[in-house]
$ cat coords.tsv   # TSV, C-alpha atoms
chain	number	residue	atom	x	y	z
Z	1	MET	CA	-16.42	-44.92	-54.64
Z	2	GLU	CA	-16.31	-41.19	-55.33
Z	3	ARG	CA	-15.55	-40.27	-58.92
Z	4	TYR	CA	-14.38	-36.95	-60.33
Z	5	ASP	CA	-13.68	-35.76	-63.84
Z	6	LEU	CA	-10.31	-34.37	-62.73
Z	7	ILE	CA	-8.27	-34.92	-59.59
Z	8	VAL	CA	-5.24	-32.76	-58.90
Z	9	VAL	CA	-2.79	-34.44	-56.53
Z	10	GLY	CA	-1.02	-31.77	-54.50
Z	11	GLY	CA	-2.41	-28.58	-53.01
Z	12	GLY	CA	0.67	-26.45	-53.53
Z	13	ALA	CA	1.30	-23.63	-55.99
Z	14	SER	CA	1.13	-25.59	-59.25
Z	15	GLY	CA	-1.70	-27.85	-58.08
Z	16	LEU	CA	-4.00	-25.04	-56.97
Z	17	MET	CA	-3.31	-23.12	-60.16
Z	18	ALA	CA	-4.02	-26.21	-62.27
Z	19	ALA	CA	-7.35	-26.82	-60.51
Z	20	ARG	CA	-8.45	-23.20	-60.88
Z	21	ARG	CA	-7.54	-23.00	-64.57
Z	22	ALA	CA	-9.25	-26.31	-65.33
Z	23	GLY	CA	-12.43	-25.08	-63.63
Z	24	VAL	CA	-12.40	-21.66	-65.32
Z	25	PHE	CA	-11.69	-23.23	-68.72
Z	26	ALA	CA	-14.64	-25.62	-68.41
Z	27	LYS	CA	-17.07	-23.01	-67.04
Z	28	LYS	CA	-16.34	-20.61	-69.89
Z	29	ARG	CA	-17.39	-23.34	-72.29
Z	30	GLY	CA	-20.59	-23.98	-70.38
Z	31	GLU	CA	-19.62	-27.50	-69.35
Z	32	PRO	CA	-18.50	-27.49	-65.69
Z	33	LEU	CA	-16.33	-30.40	-64.59
Z	34	SER	CA	-16.16	-32.11	-61.20
Z	35	ILE	CA	-12.68	-31.20	-59.93
Z	36	LEU	CA	-10.98	-32.17	-56.68
Z	37	VAL	CA	-7.62	-31.17	-55.22
Z	38	VAL	CA	-6.23	-33.69	-52.74
Z	39	GLU	CA	-3.53	-32.63	-50.29
Z	40	GLY	CA	-1.71	-34.71	-47.69
Z	41	ASN	CA	-1.22	-31.91	-45.19
Z	42	PRO	CA	-3.98	-30.61	-42.89
Z	43	LYS	CA	-4.07	-27.42	-45.00
Z	44	PRO	CA	-3.10	-26.61	-48.59
Z	45	GLY	CA	-0.23	-24.31	-49.57
Z	46	LYS	CA	1.90	-24.91	-46.49
Z	47	LYS	CA	5.17	-24.42	-48.36
Z	48	LEU	CA	3.78	-21.44	-50.28
Z	49	LEU	CA	3.24	-19.59	-47.01
Z	50	ALA	CA	6.97	-19.86	-46.25
Z	51	THR	CA	8.23	-18.47	-49.57
Z	52	GLY	CA	10.04	-15.17	-49.71
Z	53	ASN	CA	10.24	-14.98	-45.91
Z	54	GLY	CA	6.45	-14.89	-45.82
Z	55	ARG	CA	6.19	-12.23	-48.55
Z	56	CYS	CA	5.93	-14.64	-51.53
Z	57	ASN	CA	8.08	-13.60	-54.49
Z	58	LEU	CA	5.42	-14.54	-57.08
Z	59	THR	CA	7.42	-14.26	-60.29
Z	60	ASN	CA	10.03	-12.14	-62.04
Z	61	LEU	CA	9.65	-9.67	-64.90
Z	62	HIS	CA	12.89	-10.98	-66.44
Z	63	ILE	CA	12.04	-14.65	-66.93
Z	64	ALA	CA	14.60	-16.35	-69.21
Z	65	ALA	CA	15.68	-19.93	-69.85
Z	66	SER	CA	19.19	-19.01	-68.66
Z	67	ARG	CA	17.84	-18.70	-65.10
Z	68	TYR	CA	16.78	-22.37	-65.04
Z	69	HIS	CA	18.57	-25.71	-64.69
Z	70	GLY	CA	17.78	-29.28	-65.63
Z	71	ASP	CA	15.77	-29.52	-68.87
Z	72	ARG	CA	16.39	-25.82	-69.52
Z	73	GLU	CA	15.72	-25.72	-73.26
Z	74	ALA	CA	12.31	-27.40	-73.05
Z	75	ALA	CA	11.44	-25.30	-70.00
Z	76	GLY	CA	12.30	-22.13	-71.89
Z	77	ARG	CA	9.87	-22.96	-74.69
Z	78	LEU	CA	7.02	-23.56	-72.23
Z	79	LEU	CA	7.81	-20.39	-70.28
Z	80	ALA	CA	7.74	-18.39	-73.51
Z	81	ARG	CA	4.14	-19.54	-74.00
Z	82	TYR	CA	3.19	-18.87	-70.37
Z	83	PRO	CA	5.23	-15.78	-69.40
Z	84	ALA	CA	5.17	-13.78	-66.18
Z	85	GLY	CA	2.49	-11.47	-67.59
Z	86	ARG	CA	0.17	-14.43	-68.04
Z	87	SER	CA	0.57	-15.40	-64.38
Z	88	LEU	CA	0.00	-11.84	-63.21
Z	89	LYS	CA	-3.21	-11.57	-65.26
Z	90	GLU	CA	-4.40	-14.74	-63.56
Z	91	PHE	CA	-3.82	-13.29	-60.11
Z	92	GLU	CA	-5.40	-10.00	-61.12
Z	93	ALA	CA	-8.47	-11.97	-62.21
Z	94	MET	CA	-8.52	-13.44	-58.68
Z	95	GLY	CA	-8.44	-9.91	-57.25
Z	96	LEU	CA	-4.80	-9.95	-56.12
Z	97	LEU	CA	-2.74	-6.87	-57.00
Z	98	THR	CA	1.05	-7.06	-57.21
Z	99	ARG	CA	4.11	-4.85	-57.11
Z	100	ALA	CA	7.58	-5.26	-58.67
Z	101	ASP	CA	10.87	-4.13	-57.15
Z	102	GLU	CA	13.79	-2.55	-59.01
Z	103	GLU	CA	15.24	-5.98	-59.85
Z	104	GLY	CA	12.02	-7.28	-61.39
Z	105	ARG	CA	10.93	-9.46	-58.48
Z	106	VAL	CA	7.14	-9.41	-58.17
Z	107	TYR	CA	5.31	-9.61	-54.83
Z	108	PRO	CA	1.68	-9.36	-53.75
Z	109	ARG	CA	0.89	-5.74	-53.01
Z	110	SER	CA	0.22	-6.66	-49.38
Z	111	LEU	CA	3.61	-8.42	-49.15
Z	112	GLN	CA	1.82	-11.39	-47.60
Z	113	ALA	CA	2.16	-14.95	-48.84
Z	114	ALA	CA	-1.10	-15.65	-47.02
Z	115	ALA	CA	-2.88	-13.30	-49.46
Z	116	VAL	CA	-1.59	-15.35	-52.40
Z	117	LEU	CA	-2.77	-18.61	-50.88
Z	118	GLN	CA	-6.16	-17.11	-50.03
Z	119	ALA	CA	-6.58	-15.88	-53.60
Z	120	LEU	CA	-5.79	-19.36	-54.93
Z	121	ARG	CA	-8.15	-21.09	-52.51
Z	122	TYR	CA	-11.02	-18.72	-53.29
Z	123	GLY	CA	-10.10	-18.95	-56.97
Z	124	CYS	CA	-10.51	-22.72	-56.86
Z	125	GLU	CA	-13.80	-22.41	-55.01
Z	126	GLU	CA	-15.17	-19.91	-57.55
Z	127	ALA	CA	-14.07	-22.19	-60.40
Z	128	GLY	CA	-15.91	-25.14	-58.87
Z	129	ALA	CA	-12.84	-27.05	-57.65
Z	130	ALA	CA	-13.07	-28.60	-54.19
Z	131	ILE	CA	-10.07	-29.13	-51.88
Z	132	ARG	CA	-9.67	-32.16	-49.61
Z	133	CYS	CA	-6.84	-32.23	-47.08
Z	134	ASP	CA	-5.34	-35.01	-44.93
Z	135	PHE	CA	-5.42	-37.29	-47.99
Z	136	PRO	CA	-1.79	-38.23	-48.82
Z	137	VAL	CA	-1.90	-40.11	-52.12
Z	138	THR	CA	0.45	-43.10	-52.17
Z	139	SER	CA	-0.74	-44.77	-55.37
Z	140	VAL	CA	-2.10	-43.67	-58.75
Z	141	ALA	CA	-2.87	-46.49	-61.16
Z	142	PRO	CA	-4.86	-46.89	-64.39
Z	143	ALA	CA	-8.37	-48.18	-63.62
Z	144	SER	CA	-9.65	-51.17	-65.57
Z	145	GLU	CA	-12.72	-49.24	-66.73
Z	146	GLY	CA	-10.66	-46.20	-67.75
Z	147	GLY	CA	-9.26	-43.22	-65.88
Z	148	PHE	CA	-7.27	-43.59	-62.69
Z	149	LEU	CA	-7.65	-45.11	-59.25
Z	150	LEU	CA	-6.05	-43.11	-56.42
Z	151	LYS	CA	-5.33	-44.59	-53.02
Z	152	SER	CA	-4.26	-42.88	-49.82
Z	153	GLU	CA	-2.26	-44.13	-46.85
Z	154	THR	CA	-5.40	-43.36	-44.83
Z	155	GLY	CA	-7.19	-46.16	-46.67
Z	156	GLY	CA	-9.34	-43.91	-48.83
Z	157	ALA	CA	-9.76	-44.38	-52.58
Z	158	LEU	CA	-10.98	-42.14	-55.41
Z	159	ARG	CA	-11.63	-42.45	-59.13
Z	160	ALA	CA	-10.57	-39.81	-61.65
Z	161	GLY	CA	-11.21	-39.46	-65.36
Z	162	HIS	CA	-7.99	-37.47	-65.75
Z	163	CYS	CA	-5.31	-36.66	-63.21
Z	164	VAL	CA	-2.78	-33.85	-62.66
Z	165	LEU	CA	0.20	-34.73	-60.49
Z	166	ALA	CA	1.62	-31.68	-58.71
Z	167	LEU	CA	3.44	-33.45	-55.91
Z	168	GLY	CA	6.16	-30.87	-55.29
Z	169	GLY	CA	9.68	-31.80	-54.21
Z	170	LYS	CA	11.74	-33.04	-51.27
Z	171	ALA	CA	12.91	-29.60	-50.15
Z	172	SER	CA	11.85	-28.36	-46.72
Z	173	PRO	CA	10.36	-31.70	-45.61
Z	174	ARG	CA	8.68	-30.06	-42.58
Z	175	HIS	CA	6.22	-28.59	-45.10
Z	176	SER	CA	5.43	-31.92	-46.76
Z	177	CYS	CA	3.77	-35.15	-45.67
Z	178	GLY	CA	6.02	-37.90	-46.98
Z	179	ASP	CA	7.83	-38.57	-50.24
Z	180	TYR	CA	5.97	-41.01	-52.47
Z	181	ARG	CA	6.91	-39.28	-55.70
Z	182	GLU	CA	9.54	-41.60	-57.13
Z	183	ALA	CA	7.69	-44.85	-56.45
Z	184	LEU	CA	4.41	-43.36	-57.67
Z	185	LEU	CA	5.91	-42.07	-60.95
Z	186	LYS	CA	7.91	-45.21	-61.65
Z	187	GLY	CA	4.73	-47.22	-61.08
Z	188	LEU	CA	3.18	-45.19	-63.90
Z	189	GLY	CA	6.06	-45.97	-66.26
Z	190	HIS	CA	8.06	-42.77	-65.85
Z	191	SER	CA	11.75	-42.51	-65.14
Z	192	PHE	CA	12.83	-40.34	-62.25
Z	193	LEU	CA	16.17	-38.55	-62.18
Z	194	PRO	CA	17.96	-38.49	-58.80
Z	195	CYS	CA	16.94	-35.54	-56.64
Z	196	PHE	CA	19.31	-33.06	-55.03
Z	197	PRO	CA	18.73	-30.08	-52.73
Z	198	ALA	CA	18.93	-26.75	-54.59
Z	199	LEU	CA	18.82	-23.09	-53.54
Z	200	VAL	CA	20.59	-24.18	-50.40
Z	201	PRO	CA	23.70	-23.15	-48.42
Z	202	VAL	CA	26.99	-24.62	-49.60
Z	203	LYS	CA	29.03	-26.71	-47.16
Z	204	SER	CA	32.74	-26.08	-46.68
Z	205	ALA	CA	35.41	-27.37	-44.30
Z	206	SER	CA	37.41	-24.12	-44.39
Z	207	LYS	CA	38.84	-23.13	-40.99
Z	208	LEU	CA	38.00	-19.51	-41.83
Z	209	LEU	CA	34.29	-20.18	-41.30
Z	210	LYS	CA	34.61	-20.51	-37.52
Z	211	PRO	CA	35.85	-16.93	-36.87
Z	212	LEU	CA	33.55	-15.59	-39.60
Z	213	LYS	CA	30.39	-17.29	-38.27
Z	214	GLY	CA	27.45	-14.87	-38.27
Z	215	MET	CA	29.19	-12.26	-40.44
Z	216	ARG	CA	27.84	-10.90	-43.72
Z	217	CYS	CA	29.65	-9.12	-46.53
Z	218	ARG	CA	29.07	-8.01	-50.10
Z	219	THR	CA	31.11	-10.01	-52.58
Z	220	ARG	CA	31.32	-11.56	-56.00
Z	221	ALA	CA	31.18	-15.31	-55.54
Z	222	THR	CA	32.67	-17.52	-58.25
Z	223	LEU	CA	32.45	-21.29	-58.49
Z	224	LEU	CA	35.71	-22.70	-59.85
Z	225	LYS	CA	36.13	-26.13	-61.41
Z	226	SER	CA	39.77	-27.15	-61.61
Z	227	GLY	CA	40.57	-23.45	-61.31
Z	228	CYS	CA	38.28	-22.32	-64.16
Z	229	PRO	CA	35.13	-20.21	-63.55
Z	230	VAL	CA	31.83	-22.09	-63.88
Z	231	PHE	CA	29.39	-19.59	-62.38
Z	232	SER	CA	29.68	-16.13	-60.87
Z	233	GLU	CA	27.24	-13.80	-59.13
Z	234	ARG	CA	27.52	-10.80	-56.84
Z	235	GLY	CA	25.56	-10.50	-53.63
Z	236	GLU	CA	25.71	-10.78	-49.88
Z	237	VAL	CA	27.34	-13.85	-48.36
Z	238	LEU	CA	26.45	-15.04	-44.87
Z	239	PHE	CA	29.12	-17.13	-43.15
Z	240	GLY	CA	27.61	-19.95	-41.13
Z	241	GLU	CA	28.78	-22.96	-39.17
Z	242	GLY	CA	30.43	-24.95	-41.94
Z	243	THR	CA	28.39	-23.19	-44.63
Z	244	LEU	CA	28.30	-20.24	-47.00
Z	245	SER	CA	24.81	-18.84	-47.44
Z	246	GLY	CA	22.97	-15.93	-49.10
Z	247	ILE	CA	21.16	-15.59	-52.44
Z	248	CYS	CA	24.31	-15.75	-54.56
Z	249	MET	CA	25.31	-18.96	-52.74
Z	250	PHE	CA	21.84	-20.43	-53.19
Z	251	ASN	CA	22.10	-19.85	-56.94
Z	252	LEU	CA	25.63	-21.23	-56.97
Z	253	SER	CA	24.41	-24.41	-55.25
Z	254	SER	CA	22.37	-25.38	-58.31
Z	255	HIS	CA	25.64	-25.84	-60.21
Z	256	LEU	CA	26.94	-28.52	-57.84
Z	257	VAL	CA	24.65	-31.24	-59.18
Z	258	HIS	CA	26.56	-34.18	-60.72
Z	259	GLU	CA	29.92	-32.44	-60.17
Z	260	ASP	CA	33.11	-33.94	-58.74
Z	261	LEU	CA	33.33	-31.92	-55.54
Z	262	SER	CA	37.08	-32.48	-55.22
Z	263	ARG	CA	37.58	-30.27	-58.29
Z	264	LEU	CA	35.41	-27.42	-57.00
Z	265	GLU	CA	36.28	-24.30	-55.03
Z	266	ILE	CA	34.51	-21.04	-54.26
Z	267	SER	CA	36.36	-17.78	-54.72
Z	268	LEU	CA	35.09	-14.64	-52.98
Z	269	ASP	CA	36.13	-11.23	-54.25
Z	270	LEU	CA	35.59	-9.00	-51.21
Z	271	ALA	CA	36.52	-5.80	-53.06
Z	272	GLU	CA	35.12	-6.26	-56.56
Z	273	GLU	CA	35.21	-2.56	-57.43
Z	274	LEU	CA	38.99	-2.38	-56.79
Z	275	GLU	CA	41.58	-3.97	-59.07
Z	276	ALA	CA	44.25	-5.99	-57.27
Z	277	GLY	CA	46.94	-3.44	-58.10
Z	278	VAL	CA	44.84	-0.54	-56.86
Z	279	LEU	CA	44.03	-2.42	-53.67
Z	280	GLU	CA	47.70	-3.21	-53.09
Z	281	GLU	CA	48.64	0.45	-53.45
Z	282	TYR	CA	45.87	1.42	-51.03
Z	283	LEU	CA	47.21	-1.02	-48.41
Z	284	LYS	CA	50.74	0.29	-48.83
Z	285	ARG	CA	49.55	3.88	-48.46
Z	286	PHE	CA	47.41	2.99	-45.45
Z	287	CYS	CA	50.41	1.36	-43.75
Z	288	ARG	CA	52.63	4.33	-44.59
Z	289	ASP	CA	50.15	6.96	-43.38
Z	290	HIS	CA	48.99	5.08	-40.28
Z	291	GLY	CA	52.06	3.02	-39.51
Z	292	THR	CA	51.68	3.06	-35.72
Z	293	LEU	CA	48.26	1.38	-35.76
Z	294	PRO	CA	48.13	-2.35	-34.94
Z	295	ALA	CA	48.65	-4.59	-37.97
Z	296	SER	CA	45.27	-6.21	-37.19
Z	297	GLU	CA	43.68	-2.98	-38.53
Z	298	LEU	CA	45.06	-3.56	-42.05
Z	299	PHE	CA	41.62	-4.10	-43.62
Z	300	SER	CA	39.60	-1.81	-41.33
Z	301	GLY	CA	39.01	0.75	-44.09
Z	302	ILE	CA	37.65	-1.68	-46.68
Z	303	LEU	CA	36.12	-4.74	-44.99
Z	304	ASN	CA	33.74	-5.59	-42.17
Z	305	LEU	CA	35.99	-5.34	-39.10
Z	306	ARG	CA	35.59	-8.97	-38.00
Z	307	VAL	CA	35.92	-10.24	-41.56
Z	308	GLY	CA	39.07	-8.18	-42.01
Z	309	GLN	CA	40.58	-9.48	-38.77
Z	310	ALA	CA	39.84	-13.09	-39.73
Z	311	VAL	CA	41.39	-12.62	-43.19
Z	312	GLY	CA	44.40	-10.97	-41.55
Z	313	LYS	CA	44.87	-13.87	-39.13
Z	314	SER	CA	44.85	-16.32	-42.03
Z	315	LEU	CA	47.90	-14.41	-43.30
Z	316	GLY	CA	49.57	-14.50	-39.90
Z	317	ILE	CA	48.75	-10.85	-39.17
Z	318	SER	CA	47.73	-10.47	-35.53
Z	319	GLY	CA	48.91	-9.06	-32.23
Z	320	THR	CA	50.16	-5.54	-31.62
Z	321	ALA	CA	52.88	-5.29	-34.27
Z	322	PRO	CA	52.51	-1.95	-36.12
Z	323	LEU	CA	51.27	-1.62	-39.68
Z	324	LYS	CA	54.64	-0.19	-40.74
Z	325	SER	CA	56.22	-3.56	-39.97
Z	326	LEU	CA	54.31	-5.34	-42.74
Z	327	SER	CA	56.46	-6.14	-45.77
Z	328	PRO	CA	55.54	-5.17	-49.37
Z	329	GLN	CA	55.40	-8.89	-50.21
Z	330	LEU	CA	52.87	-9.50	-47.44
Z	331	LEU	CA	50.75	-6.56	-48.57
Z	332	ARG	CA	50.72	-7.92	-52.12
Z	333	GLN	CA	49.62	-11.29	-50.73
Z	334	ALA	CA	46.94	-9.55	-48.64
Z	335	ALA	CA	45.53	-7.74	-51.67
Z	336	ARG	CA	45.39	-10.97	-53.64
Z	337	LEU	CA	43.64	-12.76	-50.80
Z	338	VAL	CA	40.92	-10.10	-50.53
Z	339	LYS	CA	40.36	-10.45	-54.29
Z	340	ASP	CA	40.41	-14.25	-54.21
Z	341	LEU	CA	39.45	-15.75	-50.86
Z	342	ARG	CA	39.10	-19.49	-51.45
Z	343	PHE	CA	36.81	-22.03	-49.80
Z	344	ASP	CA	36.66	-25.75	-50.50
Z	345	VAL	CA	33.28	-27.27	-51.44
Z	346	LYS	CA	31.82	-30.22	-49.57
Z	347	GLY	CA	28.49	-30.15	-51.37
Z	348	PRO	CA	25.08	-28.61	-50.81
Z	349	ALA	CA	23.43	-28.58	-47.40
Z	350	SER	CA	20.53	-30.98	-46.78
Z	351	PHE	CA	16.95	-30.90	-48.03
Z	352	GLU	CA	16.04	-29.51	-44.59
Z	353	ASN	CA	17.72	-26.25	-45.63
Z	354	ALA	CA	16.76	-26.31	-49.32
Z	355	GLN	CA	14.16	-24.12	-51.00
Z	356	ILE	CA	13.62	-26.40	-53.99
Z	357	THR	CA	14.50	-29.79	-55.49
Z	358	ALA	CA	16.66	-30.49	-58.53
Z	359	GLY	CA	15.85	-33.64	-60.51
Z	360	GLY	CA	12.58	-35.43	-61.19
Z	361	VAL	CA	10.75	-36.52	-64.34
Z	362	PRO	CA	12.52	-35.58	-67.60
Z	363	LEU	CA	10.48	-33.18	-69.73
Z	364	GLU	CA	10.97	-35.45	-72.73
Z	365	GLU	CA	8.46	-37.81	-71.09
Z	366	VAL	CA	5.60	-35.29	-71.36
Z	367	ASP	CA	3.98	-33.59	-74.36
Z	368	PRO	CA	5.70	-30.17	-74.47
Z	369	ARG	CA	2.46	-28.46	-75.56
Z	370	THR	CA	0.15	-29.90	-72.91
Z	371	LEU	CA	2.32	-31.57	-70.20
Z	372	GLU	CA	0.34	-34.77	-70.72
Z	373	SER	CA	2.33	-37.87	-69.92
Z	374	LYS	CA	3.63	-39.80	-72.92
Z	375	LYS	CA	3.46	-42.92	-70.76
Z	376	ARG	CA	-0.14	-42.62	-69.51
Z	377	PRO	CA	-2.76	-40.71	-71.51
Z	378	GLY	CA	-4.94	-38.59	-69.27
Z	379	LEU	CA	-2.12	-38.02	-66.77
Z	380	TYR	CA	-0.52	-34.56	-66.55
Z	381	LEU	CA	2.57	-33.45	-64.62
Z	382	ALA	CA	3.27	-30.00	-63.20
Z	383	GLY	CA	5.63	-27.99	-61.01
Z	384	GLU	CA	8.64	-29.21	-59.06
Z	385	LEU	CA	7.89	-32.81	-59.98
Z	386	LEU	CA	9.53	-32.11	-63.35
Z	387	ASN	CA	13.28	-31.91	-63.93
Z	388	VAL	CA	13.45	-28.11	-63.87
Z	389	ASN	CA	14.64	-25.80	-61.10
Z	390	GLY	CA	15.24	-22.07	-61.20
Z	391	ASP	CA	17.34	-19.42	-59.49
Z	392	CYS	CA	16.19	-17.30	-56.56
Z	393	GLY	CA	13.94	-14.38	-57.43
Z	394	GLY	CA	10.52	-15.77	-58.34
Z	395	TYR	CA	11.70	-18.13	-61.08
Z	396	ASN	CA	10.51	-21.31	-59.39
Z	397	LEU	CA	7.04	-20.01	-58.60
Z	398	GLN	CA	6.75	-18.82	-62.20
Z	399	TRP	CA	7.49	-22.40	-63.28
Z	400	ALA	CA	4.76	-23.57	-60.91
Z	401	TRP	CA	2.19	-21.11	-62.30
Z	402	ALA	CA	3.13	-21.78	-65.94
Z	403	THR	CA	2.99	-25.57	-65.65
Z	404	GLY	CA	-0.17	-25.40	-63.52
Z	405	ILE	CA	-1.98	-23.28	-66.10
Z	406	CYS	CA	-0.78	-25.48	-68.96
Z	407	ALA	CA	-1.63	-28.81	-67.31
Z	408	GLY	CA	-4.98	-27.63	-65.91
Z	409	GLU	CA	-6.29	-26.10	-69.12
Z	410	ASN	CA	-5.19	-29.00	-71.30
Z	411	ALA	CA	-6.58	-31.62	-68.94
Z	412	ALA	CA	-9.93	-29.79	-68.96
Z	413	ALA	CA	-9.86	-29.45	-72.75
Z	414	ALA	CA	-9.22	-33.19	-73.17
Z	415	LEU	CA	-12.06	-34.07	-70.77
Z	416	LEU	CA	-14.50	-31.80	-72.64
Z	417	ARG	CA	-13.52	-33.39	-75.93
Z	418	ASN	CA	-14.24	-36.80	-74.42
Z	419	HIS	CA	-17.65	-35.58	-73.19
Z	420	SER	CA	-18.70	-34.32	-76.61

$ encode --input "coords.tsv" --output "structure tokens"
Amino acid sequence: MERYDLIVVGGGASGLMAARRAGVFAKKRGEPLSILVVEGNPKPGKKLLATGNGRCNLTNLHIAASRYHGDREAAGRLLARYPAGRSLKEFEAMGLLTRADEEGRVYPRSLQAAAVLQALRYGCEEAGAAIRCDFPVTSVAPASEGGFLLKSETGGALRAGHCVLALGGKASPRHSCGDYREALLKGLGHSFLPCFPALVPVKSASKLLKPLKGMRCRTRATLLKSGCPVFSERGEVLFGEGTLSGICMFNLSSHLVHEDLSRLEISLDLAEELEAGVLEEYLKRFCRDHGTLPASELFSGILNLRVGQAVGKSLGISGTAPLKSLSPQLLRQAARLVKDLRFDVKGPASFENAQITAGGVPLEEVDPRTLESKKRPGLYLAGELLNVNGDCGGYNLQWAWATGICAGENAAAALLRNHS
């Protein structure tokens, strides 16, 4: 049976980074380790290639614990030790240059996710870490003579002195090769918090979505719980078939976990820069100055035309009646609706539409300094497998790089101590 000093299970972002860092760490100390990355897919980094619409938003210059969910406090402490600058230095060492936009989102200079994956693959090769694909690991168990025994659904088996699990999540299942995470981790003594799709469109049964389908508009979206604000973010909302989408909606979706959906609503402010009173006066003036225009044109000066017509119809404004026929009471109601357009919440869309997974192994079950399992010495956990998920904008890949670096270096350090 083949034996390696370190086997990294998962050839995604955190796994490849862990393998590279373990190899570099050992080589610098003059004691190379035998390192293998095993991946279930035919090629590594399949999901990485799809990130950022193929451009790969690597990280963000404004990393903060407030942009994460789950075990946020523990995650914040680890991210403070492995900040964005640390990740960027790692990529620079691999020869990959980056660029940041005005909001702090960092991309490869080529704007190609493929360049990031290539840098990681070559980085692993240069560090002495091999990659084996088409090897979906279904079992990791302590070996009687020490270390771990890994088995694949293909019938193959491997031995590892130490092991890094970087199994990813359930999001975007077309980029994965089966979900063995929960059974595998529970078999190793870990608990596993229920998983939910995150950074995903939000489902709604609102009748407004049908006429709005395919439309986009700038807004401030607020999640309300029993009428009280829980989360708010401005951005572009895309109205879909039974869904609200867009970056602000993706970030809002992370706040739906463990919530009573019957108490939740989404409020869209379609004219954030205008106070309700100012908007009402504008509508009155518009009706007075252009009174012969059809009432369906009420919002034509402030909203996307189709959005405005749909909002108007929800108020009963349609047909050829002139603007001058609209009552002051109706105009006040119209202004309020533009400032507070409500949608019910039926939950997040499915994992098929999700970018990441919420839930997983609680961080309290790993050493916060090394990410070594408190249940199984020699086992390290990294990436989306842990109960941490971030907002859109490079925060989740930064978590992958940070945990990969931490787990890889500390696994290598422990193996070298054992060798000495």

$ closest_residue --input "coords.tsv" --among "Z:Ser66, Z:Thr138, Z:Thr222, Z:Thr51" --to "Gln112 (chain Z)" --atoms "all atoms listed in the file"
Z:Thr51

$ closest_residue --input "coords.tsv" --among "Z:Ala65, Z:Cys195, Z:Leu283, Z:Val361" --to "Val338 (chain Z)" --atoms "only C-alpha atoms"
Z:Leu283

$ closest_residue --input "coords.tsv" --among "Z:Gly393, Z:Pro44, Z:Pro377, Z:Gly308" --to "Gly15 (chain Z)" --atoms "all atoms listed in the file"
Z:Pro44

$ closest_atom_pairs --input "coords.tsv" --of "region 30-93 of chain Z" --to "region 395-406 of chain Z" --cutoff "8 Å" --atoms "all atoms listed in the file" --output "Markdown table"
| residue | atom | partner | partner_atom | distance |
| --- | --- | --- | --- | --- |
| Z:Asn57 | CA | Z:Leu397 | CA | 7.7 |
| Z:Leu58 | CA | Z:Leu397 | CA | 5.9 |
| Z:Thr59 | CA | Z:Gln398 | CA | 5.0 |
| Z:Asn60 | CA | Z:Tyr395 | CA | 6.3 |
| Z:Ile63 | CA | Z:Tyr395 | CA | 6.8 |
| Z:Arg67 | CA | Z:Tyr395 | CA | 7.4 |
| Z:Tyr68 | CA | Z:Tyr395 | CA | 7.7 |
| Z:Leu78 | CA | Z:Ala402 | CA | 7.6 |
| Z:Leu79 | CA | Z:Ala402 | CA | 6.5 |
| Z:Tyr82 | CA | Z:Ala402 | CA | 5.3 |
| Z:Pro83 | CA | Z:Ala402 | CA | 7.2 |
| Z:Ala84 | CA | Z:Gln398 | CA | 6.6 |
| Z:Ser87 | CA | Z:Trp401 | CA | 6.3 |

$ closest_residue --input "coords.tsv" --among "Z:Ala335, Z:Ser110, Z:Leu303, Z:Leu244" --to "Lys284 (chain Z)" --atoms "only C-alpha atoms"
Z:Ala335

$ atom_distance --input "coords.tsv" --atom1 "CA of Ala143 (chain Z)" --atom2 "CA of Gly408 (chain Z)"
21.0 Å

$ residues_around --input "coords.tsv" --residues "region 317-333 of chain Z" --least-positions-apart "2" --cutoff "12 Å" --atoms "all atoms listed in the file" --output "MDAnalysis selection string"
chainID Z and resid 276:300 308:315 335:341

$ closest_residue --input "coords.tsv" --among "Z:Pro142, Z:Pro201, Z:Gly360, Z:Gly347" --to "Asp260 (chain Z)" --atoms "all atoms listed in the file"
Z:Gly347

$ closest_residue --input "coords.tsv" --among "Z:Ala358, Z:Ala271, Z:Leu371, Z:Val106" --to "Arg55 (chain Z)" --atoms "all atoms listed in the file"
Z:Val106

$ atom_distance --input "coords.tsv" --atom1 "CA of Phe343 (chain Z)" --atom2 "CA of Gly246 (chain Z)"
15.1 Å

$ residues_around --input "coords.tsv" --residues "region 146-158 of chain Z" --least-positions-apart "4" --cutoff "8 Å" --atoms "all atoms listed in the file" --output "MDAnalysis selection string"
chainID Z and resid 1:4 135:142 162:163 378

$ write_last_selection --input "coords.tsv" --atoms "C-alpha atoms" --output "PDB file, in the frame of the given file"
ATOM      1  CA  MET Z   1     -16.420 -44.920 -54.640  1.00  0.00           C
ATOM      2  CA  GLU Z   2     -16.310 -41.190 -55.330  1.00  0.00           C
ATOM      3  CA  ARG Z   3     -15.550 -40.270 -58.920  1.00  0.00           C
ATOM      4  CA  TYR Z   4     -14.380 -36.950 -60.330  1.00  0.00           C
ATOM      5  CA  PHE Z 135      -5.420 -37.290 -47.990  1.00  0.00           C
ATOM      6  CA  PRO Z 136      -1.790 -38.230 -48.820  1.00  0.00           C
ATOM      7  CA  VAL Z 137      -1.900 -40.110 -52.120  1.00  0.00           C
ATOM      8  CA  THR Z 138       0.450 -43.100 -52.170  1.00  0.00           C
ATOM      9  CA  SER Z 139      -0.740 -44.770 -55.370  1.00  0.00           C
ATOM     10  CA  VAL Z 140      -2.100 -43.670 -58.750  1.00  0.00           C
ATOM     11  CA  ALA Z 141      -2.870 -46.490 -61.160  1.00  0.00           C
ATOM     12  CA  PRO Z 142      -4.860 -46.890 -64.390  1.00  0.00           C
ATOM     13  CA  HIS Z 162      -7.990 -37.470 -65.750  1.00  0.00           C
ATOM     14  CA  CYS Z 163      -5.310 -36.660 -63.210  1.00  0.00           C
ATOM     15  CA  GLY Z 378      -4.940 -38.590 -69.270  1.00  0.00           C
TER      16      GLY Z 378
END
